[in-house]
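Student: Before we start, here is the structure in question, set down as structure tokens.
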Amino acid sequence: MSHLLQTDPRIHEIIQDETSRQINKLQLIASENYASPSVLEATGSVLTNKYAEGYPGKRYYGGCEYVDQAEDLARERLMQLFGAKYANVQPHSGATANQAVYFTFVQPGDKVLGMDLAHGGHLTHGSPVNFSGKLYDISSYGVSKESGTIDLDEVETLAMREKPKLIIVGASSYSRNIDYKAFRDIADRAGAFLWADIAHPAGLIATKLLNDPIPHCHVVTSTTHKTLRGPRGGIIMMGEDWENPFGIVAPKSGRVKMMSEILDSVVMPGIQGGPLMHVVAAKAVAFGEAAQPSFASYQKQVKANASRLAGLMVEHGFNLISGGTDNHLMLIDLHNKNVTGKEAEHAMEASGITLNKNMVPFDDRSPFVTSGIRIGTAAITTRGFREHDMTFVADMINTVIDNINDEATYDRVRDEVRTYCSKFPLYTELSE
Ligand SMILES: Cc1ncc(COP(=O)(O)O)c(C=O)c1O
């Protein structure tokens with residue numbers, strides 16, 4: 001029996017509607033996934049009631065003996081998964097994990113080098129509308145106009161000219177494997193810390209399908225809800241712990257504090273209050289799932305599906321930035337189709353296909369219009385789509401773009417999408 005149906009039928013109905021939307025439409029937003037029923041169960045558990053400011057064994061509140069175990073498990077499983085020596089699983093989101101890195105490694109006004117938002121970077125990598133762009137002196141690198149891949153020469157030139165204290169590597173809409181070692185070489189020459197934000201490809205990195213940033217970066221952050229397929233949230237990791245170079249000492253002993261201590265105290269009490277223990281437990285569940293062989297097969301399929309879909313889109317005459325993909329996503333420039341990103345997003349939505357408009361490198365349109373779309377395969381792969389299903393996905397997207405503004409096409413595609421999706425049952429226990 002649903003309690004919510006009795007006590008708050010309106011919210012119950014909204015949740016049912018959203019469940020149906022997720023089940024009946026093609027979910028191609030690259031940053032989304034379908035968390036497992038076990039992750040959902042932990043997220044909806046009584047752990048939401050527990051206050052646990054502090055860290056396991058050192059809480060500001062009593063009654064933490066069980067949530068301590070959940071947080072220890074989450075940290076241990078995460079470190080095991082990525083081969084890290086330090087992990088913090090408390091950040092409420094990716095943006096908060098990133099904020100903790102800034103507050104640990106740089107001071108307001110310091111120089112930071114990150115990837116341009118329009119070239120694939122994230123708001124928290126120095127956008128003027130974000131705290132990062134307001135507090136720090138940001139310079140940005142991008143992709144080469146010819147290849148669509150990160151221009152390492154430009155990164156090096158900028159790094160040597162600007163001498164940033166911190167270099168950010170990682171992106172929201174970059175489809176290629178990143179050379180973290182090359183970034184570290186540049187960071188070392190410039191005297192900068194190197195931070196990788198792997199929010200998008202974390203699942204592919206955990207399963208060794210993409211280059212590993214942990215050995216090369218001073219710090220690594222991620223979200224837990226994209227390819228990693230956990231609950232919404234953020235994490236921070238380090239490949240090794242070391243004494244902080246900022247001269248911060250423990251007040252009583254005068255001992256130089258380790259970076260792990262600094263990062264922990266920046267997260268809490270620095271920028272957060274009590275951790276969301278139901279989410280921390282759900283993170284532990286997701287990291288446990290990610291250690292299973294089935295997760296490695298899943299990630300292989302995510303990558304194979306993206307690769308097949310990219311090839312099919314090119315055959316349909318779409319212009320993919322960098323020509324293809326190494327990971328779970330692709331960025332498509334729609335200039336040659338005479339359709340804006342905004343028009344495409346609306347047309348797809350009307351046709352039962354959910355994806356997002358996206359700036360393309362050197363875009364001549366505003367972020368509210370854009371010239372591109374971003375497509376990801378993490379969610380459809382979770383529901384069971386294989387390479388041969390990509391033909392259907394590519395055909396539907398192509399049909400909508402070729403018939404832009406034709407409502408009859410939208411109606412027909414929406415019906416076809418619904419029928420196709422019904423072959424891949426999802427959350428059967430959650431829908432009415
Ligand atoms: C690269 C990158 N970093 C950070 C974030 C922020 O994550 P959140 O939305 O959980 O704050 C995102 C989210 O899209 C992202 O793509």
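Every chain in the structure tokens takes a letter, A first, then B, and so on in the order presented; its residues are numbered from 1, and the ligands are numbered from 1 following the presented order.
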Which residues are near ligand 1 - at most 8 Å, using only C-alpha atoms and all ligand atoms? Format: as a count of residues only.
Tutor: 29
Student: Mind listing the helix (DSSP H, G or I) residues of range 136-342 of chain A, per DSSP on the backbone, as a ChimeraX atom specification?
Tutor: /A:152-162,180-190,202-206,259-271,277-290,293-315,321-323,335-337,341-342
Student: Within 10 Å of Asp179 in chain A, counting only C-alpha atoms, which residues show up once you throw out same-chain ones fewer than 2 positions away? Write them as number ranges by chain, please.
Tutor: A: 150, 152, 169, 176-177, 181-184, 210-213, 216
Student: Quick one: everything within 9 Å of range 261-274 of chain A, counting only C-alpha atoms, minus sequence neighbours fewer than 4 positions away in the same chain. Send it as a ChimeraX atom specification.
Tutor: /A:50-55,88,90-92,96-97,99-101,103-104,236,244,248,257
Student: As a PDB file with N, CA and C atoms, in the first residue's frame, please: the residues near Ile353 in chain A (cut-off 6 Å, only C-alpha atoms, same-chain neighbours under 2 positions excluded).
Tutor:
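File selection.pdb, as written:
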ATOM      1  N   LYS A  25       9.754   7.124 -22.412  1.00  0.00           N
ATOM      2  CA  LYS A  25      10.478   7.974 -23.358  1.00  0.00           C
ATOM      3  C   LYS A  25      11.929   7.509 -23.473  1.00  0.00           C
ATOM      4  N   LEU A  26      12.566   7.926 -24.547  1.00  0.00           N
ATOM      5  CA  LEU A  26      13.984   7.601 -24.738  1.00  0.00           C
ATOM      6  C   LEU A  26      14.812   8.602 -23.948  1.00  0.00           C
ATOM      7  N   MET A 348      12.402  17.040 -30.097  1.00  0.00           N
ATOM      8  CA  MET A 348      12.643  15.694 -29.551  1.00  0.00           C
ATOM      9  C   MET A 348      11.684  15.427 -28.385  1.00  0.00           C
ATOM     10  N   GLU A 349      11.551  16.414 -27.524  1.00  0.00           N
ATOM     11  CA  GLU A 349      10.678  16.238 -26.359  1.00  0.00           C
ATOM     12  C   GLU A 349       9.255  15.902 -26.810  1.00  0.00           C
ATOM     13  N   SER A 351       8.501  14.393 -29.317  1.00  0.00           N
ATOM     14  CA  SER A 351       8.530  13.090 -29.980  1.00  0.00           C
ATOM     15  C   SER A 351       8.907  11.959 -29.027  1.00  0.00           C
TER      16      SER A 351
END
